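The structure file query-v5.csv is reproduced below (CSV, C-alpha atoms and all ligand atoms).
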```
chain,number,residue,atom,x,y,z
A,242,MET,CA,0.0,0.0,0.0
A,243,LYS,CA,1.3,3.5,-0.9
A,244,LYS,CA,2.3,5.5,2.1
A,245,ILE,CA,1.1,9.1,2.2
A,246,ILE,CA,1.7,12.0,4.6
A,247,SER,CA,0.7,15.6,4.7
A,248,GLY,CA,0.3,18.4,7.3
A,249,ILE,CA,-1.5,21.6,7.9
A,250,GLN,CA,-0.4,24.5,10.0
A,251,PRO,CA,-2.8,25.6,12.8
A,252,SER,CA,-1.8,29.2,12.0
A,253,GLY,CA,-5.2,30.6,11.0
A,254,ARG,CA,-8.7,29.5,10.2
A,255,PRO,CA,-8.6,26.9,7.4
A,256,SER,CA,-9.6,28.4,4.0
A,257,LEU,CA,-11.5,27.0,1.1
A,258,GLY,CA,-8.0,26.7,-0.5
A,259,ASN,CA,-6.9,24.3,2.2
A,260,TYR,CA,-10.1,22.4,1.8
A,261,LEU,CA,-10.1,21.9,-1.9
A,262,GLY,CA,-6.4,21.7,-2.4
A,263,ALA,CA,-5.6,19.5,0.5
A,264,ILE,CA,-8.2,18.3,3.0
A,265,LYS,CA,-10.7,17.0,0.5
A,266,PRO,CA,-8.3,15.1,-1.8
A,267,GLN,CA,-6.3,13.9,1.2
A,268,VAL,CA,-9.4,12.4,3.0
A,269,SER,CA,-10.5,10.7,-0.3
A,270,MET,CA,-7.2,8.8,-0.3
A,271,GLN,CA,-7.8,6.9,3.0
A,272,ASN,CA,-9.4,3.9,1.3
A,273,GLU,CA,-6.6,3.2,-1.2
A,274,ALA,CA,-3.5,4.2,0.8
A,275,ASP,CA,-1.9,4.2,4.2
A,276,VAL,CA,-2.5,7.8,5.1
A,277,THR,CA,-1.0,10.0,7.9
A,278,TYR,CA,-2.0,13.6,8.5
A,279,PHE,CA,-0.7,15.9,11.1
A,280,ILE,CA,-1.2,19.4,12.6
A,281,ALA,CA,2.1,21.2,12.0
A,282,ASP,CA,2.3,23.2,15.2
A,283,LEU,CA,6.1,23.3,15.2
A,284,HIS,CA,5.9,25.0,11.8
A,285,ALA,CA,3.2,27.4,13.0
A,286,ILE,CA,5.4,29.1,15.6
A,287,THR,CA,7.8,30.4,12.9
A,288,VAL,CA,5.3,33.2,12.9
A,289,ARG,CA,4.2,34.6,16.3
A,290,GLN,CA,1.1,32.9,17.6
A,291,GLU,CA,-1.2,33.8,20.5
A,292,PRO,CA,-0.8,30.7,22.7
A,293,ALA,CA,-4.5,30.3,23.4
A,294,ASP,CA,-5.3,30.7,19.7
A,295,LEU,CA,-2.6,28.2,18.7
A,296,LYS,CA,-4.0,25.6,21.1
A,297,ARG,CA,-7.6,26.1,19.9
A,298,ARG,CA,-6.6,26.0,16.2
A,299,THR,CA,-4.7,22.8,16.7
A,300,PHE,CA,-7.9,21.1,17.8
A,301,GLU,CA,-9.7,22.9,15.1
A,302,VAL,CA,-7.5,21.5,12.3
A,303,ALA,CA,-8.0,18.0,13.7
A,304,ALA,CA,-11.8,18.5,13.9
A,305,TRP,CA,-11.9,19.7,10.3
A,306,TYR,CA,-10.1,16.6,9.1
A,307,LEU,CA,-12.6,14.5,11.0
A,308,ALA,CA,-15.6,16.6,10.0
A,309,CYS,CA,-14.5,16.1,6.3
A,310,GLY,CA,-14.7,12.4,6.7
A,311,LEU,CA,-11.3,11.3,7.9
A,312,ASN,CA,-11.8,8.0,9.7
A,313,PRO,CA,-9.4,7.6,12.6
A,314,GLU,CA,-9.7,3.9,12.5
A,315,LYS,CA,-8.1,3.9,9.0
A,316,ALA,CA,-6.0,7.1,9.0
A,317,THR,CA,-3.3,8.3,11.5
A,318,LEU,CA,-3.9,11.8,12.8
A,319,PHE,CA,-1.5,13.5,15.2
A,320,ILE,CA,0.0,16.7,16.5
A,321,GLN,CA,3.5,17.3,15.2
A,322,SER,CA,4.9,18.4,18.6
A,323,HIS,CA,3.8,15.0,20.1
A,324,VAL,CA,6.3,13.2,17.9
A,325,PRO,CA,9.7,14.6,19.0
A,326,ALA,CA,11.6,12.8,16.3
A,327,HIS,CA,10.4,15.4,13.8
A,328,ALA,CA,12.5,18.1,15.5
A,329,GLN,CA,15.4,15.8,16.2
A,330,LEU,CA,15.7,14.6,12.6
A,331,GLY,CA,15.2,18.2,11.5
A,332,TRP,CA,18.4,19.1,13.4
A,333,ILE,CA,20.4,16.4,11.7
A,334,LEU,CA,19.0,17.3,8.2
A,335,ASN,CA,20.0,21.0,8.8
A,336,THR,CA,23.6,19.7,8.3
A,337,PHE,CA,22.6,18.3,4.9
A,338,THR,CA,21.0,21.5,3.7
A,339,GLN,CA,22.7,24.5,2.2
A,340,MET,CA,21.9,28.1,3.1
A,341,GLY,CA,21.6,28.9,-0.7
A,342,GLU,CA,19.0,26.3,-1.2
A,343,LEU,CA,16.8,27.7,1.6
A,344,GLU,CA,17.3,31.3,0.4
A,345,ARG,CA,15.6,30.3,-2.9
A,346,MET,CA,12.4,29.1,-1.2
A,347,THR,CA,9.6,31.4,-2.4
A,348,GLN,CA,7.5,30.9,0.7
A,349,TYR,CA,10.4,32.0,2.8
A,350,LYS,CA,10.9,35.1,0.6
A,351,ASP,CA,7.1,35.9,0.8
A,352,LYS,CA,6.9,35.4,4.6
A,353,SER,CA,10.0,37.3,5.4
A,354,LYS,CA,8.5,40.3,3.5
A,355,ARG,CA,5.2,39.9,5.4
A,356,HIS,CA,6.9,39.4,8.8
A,357,SER,CA,10.0,41.6,8.3
A,358,SER,CA,10.4,42.3,12.0
A,359,ASN,CA,10.7,38.6,12.8
A,360,ILE,CA,12.7,36.8,10.2
A,361,ASN,CA,13.8,34.1,12.6
A,362,VAL,CA,16.0,31.1,12.0
A,363,GLY,CA,13.0,28.8,12.3
A,364,LEU,CA,11.3,30.6,9.4
A,365,PHE,CA,14.5,30.1,7.3
A,366,GLY,CA,14.9,26.4,8.2
A,367,TYR,CA,11.2,25.6,7.9
A,368,PRO,CA,11.6,23.4,4.8
A,369,VAL,CA,14.2,21.3,6.6
A,370,LEU,CA,11.7,20.4,9.4
A,371,GLN,CA,9.2,19.7,6.6
A,372,ALA,CA,11.7,17.3,5.1
A,373,ALA,CA,12.0,15.6,8.4
A,374,ASP,CA,8.2,15.3,8.8
A,375,ILE,CA,8.1,13.3,5.5
A,376,LEU,CA,11.3,11.3,5.6
A,377,LEU,CA,10.7,9.8,9.0
A,378,HIS,CA,7.7,8.0,7.8
A,379,ASP,CA,9.0,6.2,4.6
A,380,ILE,CA,6.6,8.1,2.4
A,381,ASP,CA,5.9,7.5,-1.2
A,382,ALA,CA,3.7,10.5,-2.0
A,383,VAL,CA,2.9,13.9,-0.3
A,384,PRO,CA,-0.5,15.3,-1.4
A,385,VAL,CA,-0.3,19.1,-1.2
A,386,GLY,CA,-1.4,22.2,-3.0
A,387,GLU,CA,0.9,23.9,-5.5
A,388,ASP,CA,2.5,26.3,-3.1
A,389,GLN,CA,4.2,23.4,-1.3
A,390,LYS,CA,5.7,21.8,-4.4
A,391,GLN,CA,9.0,23.5,-3.9
A,392,HIS,CA,9.2,22.2,-0.3
A,393,ILE,CA,8.7,18.6,-1.6
A,394,GLU,CA,11.5,19.1,-4.1
A,395,ILE,CA,14.0,20.2,-1.5
A,396,THR,CA,12.9,17.2,0.6
A,397,ARG,CA,13.8,15.0,-2.3
A,398,ASP,CA,17.2,16.8,-2.6
A,399,ILE,CA,18.0,16.4,1.1
A,400,ALA,CA,17.0,12.7,1.1
A,401,THR,CA,19.0,11.9,-1.9
A,402,ARG,CA,22.0,13.8,-0.6
A,403,PHE,CA,21.9,12.0,2.8
A,404,ASN,CA,21.3,8.6,1.1
A,405,ASN,CA,24.3,9.2,-1.3
A,406,HIS,CA,26.6,10.4,1.5
A,407,TYR,CA,26.1,7.2,3.5
A,408,THR,CA,26.0,4.7,0.6
A,409,ALA,CA,28.7,6.1,-1.7
A,410,GLY,CA,31.5,3.6,-2.0
A,411,LYS,CA,30.0,1.2,0.5
A,412,GLU,CA,28.9,-1.9,-1.3
A,413,GLY,CA,25.6,-3.3,-0.2
A,414,ALA,CA,24.8,-0.2,1.9
A,415,LYS,CA,21.0,0.5,1.7
A,416,PRO,CA,19.7,4.1,1.4
A,417,ILE,CA,18.0,5.2,4.6
A,418,PHE,CA,15.3,7.4,3.1
A,419,VAL,CA,12.5,6.7,0.7
A,420,VAL,CA,12.6,9.6,-1.8
A,421,PRO,CA,9.0,10.9,-1.9
A,422,GLU,CA,7.0,12.5,-4.7
A,423,ALA,CA,4.7,15.5,-4.6
A,424,MET,CA,1.1,14.7,-5.5
A,425,LEU,CA,-1.0,17.6,-6.7
A,426,PRO,CA,-4.7,17.5,-7.4
A,427,LYS,CA,-5.7,17.9,-11.0
A,428,ALA,CA,-7.9,20.8,-10.1
A,429,GLY,CA,-7.9,23.0,-7.0
A,430,ALA,CA,-4.1,22.8,-6.5
A,431,ARG,CA,-4.1,26.6,-6.4
A,432,VAL,CA,-7.4,28.1,-5.4
A,433,ARG,CA,-7.1,31.8,-6.0
A,434,ASP,CA,-8.2,34.9,-4.0
A,435,LEU,CA,-11.7,35.8,-5.1
A,436,GLN,CA,-10.9,39.5,-5.3
A,437,ASN,CA,-7.4,39.1,-6.7
A,438,PRO,CA,-7.4,36.0,-8.8
A,439,GLU,CA,-3.7,36.5,-9.7
A,440,SER,CA,-2.8,35.4,-6.1
A,441,LYS,CA,-3.6,32.3,-4.2
A,442,MET,CA,-6.3,32.3,-1.6
A,443,SER,CA,-4.5,32.4,1.8
A,444,LYS,CA,-5.7,31.8,5.3
A,445,SER,CA,-3.5,34.6,6.5
A,446,ILE,CA,-5.3,37.2,4.4
A,447,ASP,CA,-8.6,38.1,6.0
A,448,GLY,CA,-10.9,39.8,3.5
A,449,LYS,CA,-13.5,39.4,0.9
A,450,GLY,CA,-11.2,37.3,-1.3
A,451,THR,CA,-10.8,34.4,1.2
A,452,ILE,CA,-13.4,32.0,2.3
A,453,PHE,CA,-12.9,30.4,5.6
A,454,MET,CA,-14.4,27.0,6.3
A,455,GLU,CA,-16.0,28.0,9.5
A,456,GLU,CA,-17.5,31.2,8.1
A,457,ASP,CA,-21.2,32.0,8.2
A,458,LEU,CA,-22.8,30.4,5.1
A,459,LYS,CA,-24.5,33.6,4.0
A,460,THR,CA,-21.2,35.5,4.1
A,461,ILE,CA,-19.6,32.7,2.0
A,462,ALA,CA,-22.3,32.9,-0.6
A,463,LYS,CA,-22.0,36.7,-0.7
A,464,LYS,CA,-18.2,36.5,-1.1
A,465,ILE,CA,-18.6,34.1,-4.1
A,466,LYS,CA,-21.3,36.2,-5.7
A,467,SER,CA,-19.0,39.3,-5.5
A,468,ALA,CA,-15.9,37.5,-6.8
A,469,VAL,CA,-13.9,39.4,-9.5
A,470,THR,CA,-14.4,38.0,-13.0
A,471,ASP,CA,-13.8,40.0,-16.2
A,472,SER,CA,-15.6,42.1,-18.8
A,473,GLY,CA,-16.6,39.1,-20.9
A,474,SER,CA,-19.7,37.1,-20.5
A,475,GLU,CA,-18.9,33.5,-21.4
A,476,VAL,CA,-18.1,30.9,-18.8
A,477,ILE,CA,-14.9,29.4,-20.2
A,478,TYR,CA,-11.9,27.8,-18.6
A,479,ASP,CA,-8.9,29.8,-19.5
A,480,LYS,CA,-6.4,30.4,-16.6
A,481,GLU,CA,-4.3,32.9,-18.5
A,482,ASN,CA,-7.0,35.3,-19.7
A,483,LYS,CA,-9.9,34.5,-17.4
A,484,ALA,CA,-8.3,33.8,-14.0
A,485,GLY,CA,-11.4,34.7,-12.0
A,486,VAL,CA,-13.9,32.6,-14.0
A,487,SER,CA,-11.4,29.7,-14.2
A,488,ASN,CA,-10.9,29.8,-10.4
A,489,LEU,CA,-14.7,29.7,-9.8
A,490,LEU,CA,-15.0,26.8,-12.3
A,491,GLU,CA,-12.3,24.9,-10.4
A,492,ILE,CA,-14.0,25.6,-7.1
A,493,TYR,CA,-17.3,24.3,-8.6
A,494,ALA,CA,-15.8,21.2,-10.2
A,495,VAL,CA,-13.8,20.1,-7.2
A,496,THR,CA,-16.7,20.8,-4.8
A,497,LYS,CA,-19.0,18.7,-6.9
A,498,GLY,CA,-16.4,16.1,-7.7
A,499,MET,CA,-16.7,16.5,-11.5
A,500,SER,CA,-14.3,17.3,-14.3
A,501,ILE,CA,-13.6,20.9,-15.5
A,502,GLU,CA,-15.1,20.0,-18.9
A,503,ASN,CA,-18.4,18.9,-17.3
A,504,ALA,CA,-18.4,22.0,-15.1
A,505,VAL,CA,-18.0,24.2,-18.1
A,506,SER,CA,-20.9,22.5,-19.9
A,507,ASP,CA,-23.2,23.1,-16.9
A,508,PHE,CA,-22.9,26.8,-17.8
A,509,ASN,CA,-23.3,26.7,-21.5
A,510,GLY,CA,-25.2,29.7,-22.6
A,511,LYS,CA,-25.5,31.0,-19.0
A,512,GLY,CA,-24.3,34.4,-17.7
A,513,TYR,CA,-21.9,35.2,-14.9
A,514,GLY,CA,-24.8,35.9,-12.5
A,515,ASP,CA,-26.3,32.4,-12.7
A,516,PHE,CA,-22.8,30.9,-12.7
A,517,LYS,CA,-21.7,32.6,-9.5
A,518,SER,CA,-25.0,31.7,-7.8
A,519,ALA,CA,-24.5,28.0,-8.8
A,520,VAL,CA,-20.9,28.1,-7.4
A,521,ALA,CA,-22.1,29.7,-4.2
A,522,ASP,CA,-24.9,27.0,-3.8
A,523,ALA,CA,-22.4,24.2,-4.4
A,524,VAL,CA,-20.0,25.4,-1.8
A,525,VAL,CA,-22.7,26.2,0.7
A,526,ALA,CA,-24.3,22.7,0.2
A,527,GLU,CA,-20.9,21.1,0.8
A,528,LEU,CA,-19.9,23.1,3.8
A,529,GLU,CA,-23.2,23.2,5.7
A,530,PRO,CA,-23.1,19.6,7.0
A,531,THR,CA,-19.3,19.8,7.4
A,532,GLN,CA,-19.7,22.8,9.6
A,533,ALA,CA,-22.3,21.1,11.7
A,534,ARG,CA,-20.0,18.0,12.2
A,535,PHE,CA,-17.1,20.3,13.0
A,536,LYS,CA,-19.1,22.1,15.8
A,537,GLU,CA,-20.1,18.8,17.3
A,538,LEU,CA,-16.5,17.5,17.3
A,539,MET,CA,-15.2,20.7,18.9
A,540,LYS,CA,-17.5,20.2,21.8
A,541,ASP,CA,-15.6,17.1,22.9
A,542,LYS,CA,-11.9,17.8,23.3
A,543,THR,CA,-11.4,14.6,25.3
A,544,GLU,CA,-12.5,12.6,22.4
A,545,LEU,CA,-10.4,14.6,20.0
A,546,SER,CA,-7.4,14.3,22.4
A,547,MET,CA,-7.8,10.5,22.5
A,548,ILE,CA,-7.8,10.3,18.7
A,549,LEU,CA,-4.7,12.5,18.5
A,550,LYS,CA,-3.0,10.4,21.2
A,551,LYS,CA,-3.7,7.2,19.4
A,552,GLY,CA,-2.3,8.8,16.2
A,553,ALA,CA,0.9,10.1,18.0
A,554,ASP,CA,1.5,6.7,19.5
A,555,LYS,CA,1.5,5.1,16.1
A,556,ALA,CA,3.5,7.8,14.5
A,557,ASN,CA,6.1,7.7,17.3
A,558,ILE,CA,6.8,4.1,16.6
A,559,GLN,CA,7.5,4.6,13.0
A,560,ALA,CA,9.4,7.9,13.5
A,561,GLU,CA,11.6,6.5,16.3
A,562,ARG,CA,12.5,3.5,14.1
A,563,THR,CA,13.7,5.8,11.3
A,564,LEU,CA,15.5,8.2,13.7
A,565,ALA,CA,17.4,5.3,15.3
A,566,LYS,CA,18.6,4.1,11.9
A,567,VAL,CA,19.7,7.7,11.0
A,568,MET,CA,21.5,8.1,14.3
A,569,LYS,CA,23.3,4.9,13.8
A,570,LYS,CA,24.4,5.9,10.3
A,571,VAL,CA,25.6,9.2,11.4
A,572,GLY,CA,27.8,7.6,14.1
A,573,PHE,CA,26.0,8.7,17.3
A,574,VAL,CA,26.5,6.4,20.3
A,575,PRO,CA,23.2,4.7,20.8
A,576,PRO,CA,21.5,5.4,24.1
A,577,ILE,CA,21.1,2.5,26.4
A,578,VAL,CA,17.4,1.6,26.7
B,601,LIG,P1,-0.4,25.1,4.9
B,601,LIG,O1,-0.9,25.0,6.4
B,601,LIG,O2,-0.1,26.5,4.5
B,601,LIG,O3,-1.5,24.6,4.0
B,601,LIG,C1,-2.1,23.3,4.1
B,601,LIG,C2,-2.4,22.7,2.8
B,601,LIG,O4,-3.3,23.5,2.0
B,601,LIG,C3,-2.7,23.7,0.7
B,601,LIG,N1,-3.2,25.1,0.3
B,601,LIG,C4,-3.8,25.3,-0.9
B,601,LIG,N2,-4.2,24.5,-1.8
B,601,LIG,C5,-4.9,25.0,-2.9
B,601,LIG,N3,-5.1,26.3,-3.0
B,601,LIG,C6,-4.8,27.2,-2.0
B,601,LIG,N4,-5.1,28.5,-2.1
B,601,LIG,C7,-4.1,26.7,-0.9
B,601,LIG,N5,-3.6,27.2,0.2
B,601,LIG,C8,-3.0,26.2,0.9
B,601,LIG,C9,-1.2,23.7,0.9
B,601,LIG,O5,-0.5,23.4,-0.3
B,601,LIG,C10,-1.1,22.5,1.9
B,601,LIG,O6,-1.1,21.3,1.2
B,601,LIG,N6,4.3,23.6,5.0
B,601,LIG,C11,2.9,23.2,5.0
B,601,LIG,C12,2.6,22.2,6.2
B,601,LIG,C13,3.5,21.1,6.3
B,601,LIG,C14,3.6,19.9,5.5
B,601,LIG,C15,4.6,19.1,6.0
B,601,LIG,C16,2.9,19.5,4.3
B,601,LIG,C17,4.4,20.9,7.3
B,601,LIG,N7,5.1,19.8,7.1
B,601,LIG,C18,4.9,17.9,5.5
B,601,LIG,C19,3.2,18.3,3.8
B,601,LIG,C20,4.2,17.5,4.3
B,601,LIG,C21,2.0,24.4,5.0
B,601,LIG,O7,2.4,25.4,5.5
B,601,LIG,O8,0.7,24.1,4.7
```
Would you kindly transcribe this structure into structure tokens?
Ligand code: TYM
Amino acid sequence: MKKIISGIQPSGRPSLGNYLGAIKPQVSMQNEADVTYFIADLHAITVRQEPADLKRRTFEVAAWYLACGLNPEKATLFIQSHVPAHAQLGWILNTFTQMGELERMTQYKDKSKRHSSNINVGLFGYPVLQAADILLHDIDAVPVGEDQKQHIEITRDIATRFNNHYTAGKEGAKPIFVVPEAMLPKAGARVRDLQNPESKMSKSIDGKGTIFMEEDLKTIAKKIKSAVTDSGSEVIYDKENKAGVSNLLEIYAVTKGMSIENAVSDFNGKGYGDFKSAVADAVVAELEPTQARFKELMKDKTELSMILKKGADKANIQAERTLAKVMKKVGFVPPIV
């Protein structure tokens, strides 16, 4: 069975971009693959977080996964800081990562512009921790949105470099890390801001262009109906010239689980007004029951904590096994247990 992992930062309210680009496709994989998802709280503190908010949002991300149908009997769900090997391997992998490589990361460049008074070492080394998250778990594929592709590429580079370093010239030596692949959804990999379709929809930008999963349904419908389109009148999929319309088509298609072609044919001969209303109806119909389940799940933190503990217990076994192999390869004296 293919092994899959992905994570979400509890750094804001999850957006429709997180849902369509990550949570929905990730949940759908639980029947065909061995899936592990985690709440990346170690990553979240690379930007200042209010402690009470961080704690609440950590539970919220877990609750969203479950509300969207993740089955904790099949999938592993855990909090990153509950599996200390992530930070430990991150340290070791720092020594296999070049400053120049990290300087090229677009997310680092964007975030250091947005948080110019706090360009901390953690923000810079963020992709190394992400590599550790993945490499500890012998992962084949990492389902993510487009903005994370570069982080998966550097993970591959780090894994290959480490593997080569400890196998070169040593006959029969086996590589430690499985080199993972990025897995992007066909549609929805980059949901765009409704007001500024040139940019991605971001949970850190609170405005008319971002839809939050927990948002009031009427507000969601209103935001979709006032999405920026263009001066034309035809509902056509053309990302270059019709970014706003194409974005709404992707939102509609992924929400309804249909192809872009079928989505386009639903609006043959229809105007933008009808089109936007249909997109709004589709999103509201999808999120309404999900929000209700989310609210129920958030009422019982003990139950959520138990699910997360079970997930961490399982993840710790796998993570510690890989970490022990890495430490042995590096030449650390093994601790007596
Ligand atoms: P994060 O928390 O920013 O986003 C979580 C997931 O949502 C996807 N996403 C989007 N997809 C489509 N359209 C959008 N507008 C959009 N915005 C966000 C992201 O691509 C991501 O899949 N570094 C990661 C968290 C992480 C991780 C990992 C992921 C930490 N360790 C290991 C995979 C494997 C992040 O910040 O995601």
Margin query: With distances taken over all atoms listed in the file, which residue among A:Met442, A:Ala373, A:Ala274, A:Ile280 lies nearest ligand LIG 601 (chain B)?
Written below: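 Under the stated criterion, the closest residue is A:Met442.
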Identify, on the basis of only C-alpha atoms, every residue whose closest approach to Ala494 in chain A does not exceed 9 Å; exclude the query and any residue fewer than 6 positions from it along the same chain; express the result as a compact mmCIF listing (two decimals) with C-alpha atoms, in the frame of the given file.
```
# COMPACT_ATOMS: atom_id res chain seq x y z
CA ALA A 428 -7.90 20.80 -10.10
CA GLY A 429 -7.90 23.00 -7.00
CA SER A 500 -14.30 17.30 -14.30
CA ILE A 501 -13.60 20.90 -15.50
CA GLU A 502 -15.10 20.00 -18.90
CA ASN A 503 -18.40 18.90 -17.30
CA ALA A 504 -18.40 22.00 -15.10
CA VAL A 505 -18.00 24.20 -18.10
```
Next item on the list: For each of A:Asp388, A:Glu544, A:Glu529, A:Asp379, take the minimum atom-to-atom distance to ligand LIG 601 (chain B), counting all atoms listed in the file, then give the residue where this is smallest.
Entry: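 For ligand LIG 601 (chain B), the nearest of the candidates is A:Asp388.
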Next item on the list: Using all atoms listed in the file, find the one residue out of A:Asp374, A:Glu273, A:Glu561, A:Glu394 that sits nearest to ligand LIG 601 (chain B).
Entry: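 Among the listed residues, A:Asp374 lies closest to ligand LIG 601 (chain B).
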Check: Skipping near chain neighbours, those fewer than 5 positions away, what residues fall within 10 Å of range 405-418 of chain A using only C-alpha atoms, listed as a PyMOL selection string?
Finding: chain A and resi 337+375-380+397+399-400+563-564+566-567+570-571
Check: Pick the closest to ligand LIG 601 (chain B) from A:Lys483, A:Arg355, A:Arg433, A:Arg254: which is it, counting all atoms listed in the file?
Finding: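 Going through A:Lys483, A:Arg355, A:Arg433, A:Arg254 one by one, the smallest distance to ligand LIG 601 (chain B) is for A:Arg433.
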Determine, using all atoms listed in the file, which residues of range 479-516 of chain A have any atom at most 8 Å from an atom of range 257-261 of chain A, and tabulate each with its shortest atom pair and distance in Å to one decimal place, rows ordered by chain and then rising number, as CSV.
```
residue,atom,partner,partner_atom,distance
A:Ile492,CA,A:Leu261,CA,7.5
A:Val495,CA,A:Leu261,CA,6.7
A:Thr496,CA,A:Leu261,CA,7.3
```
Item checked: Shell around Tyr278 in chain A at 12 Å using only C-alpha atoms, local window under 5 positions removed, as a ChimeraX atom specification -> /A:244-250,263-264,267-268,270-271,302-303,305-307,311-313,315-321,374-375,378,380,383-385,549,552-553,555-556
Notebook entry, point to check: Between A:Lys536, A:Lys480, A:His323, A:Lys517, which is the closest to Glu439 in chain A once you count all atoms listed in the file?
Noted result: A:Lys480
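Our summary of the geometry notes that CA of Asn482 in chain A is positioned 21.1 Å from atom N2 of ligand LIG 601 (chain B).
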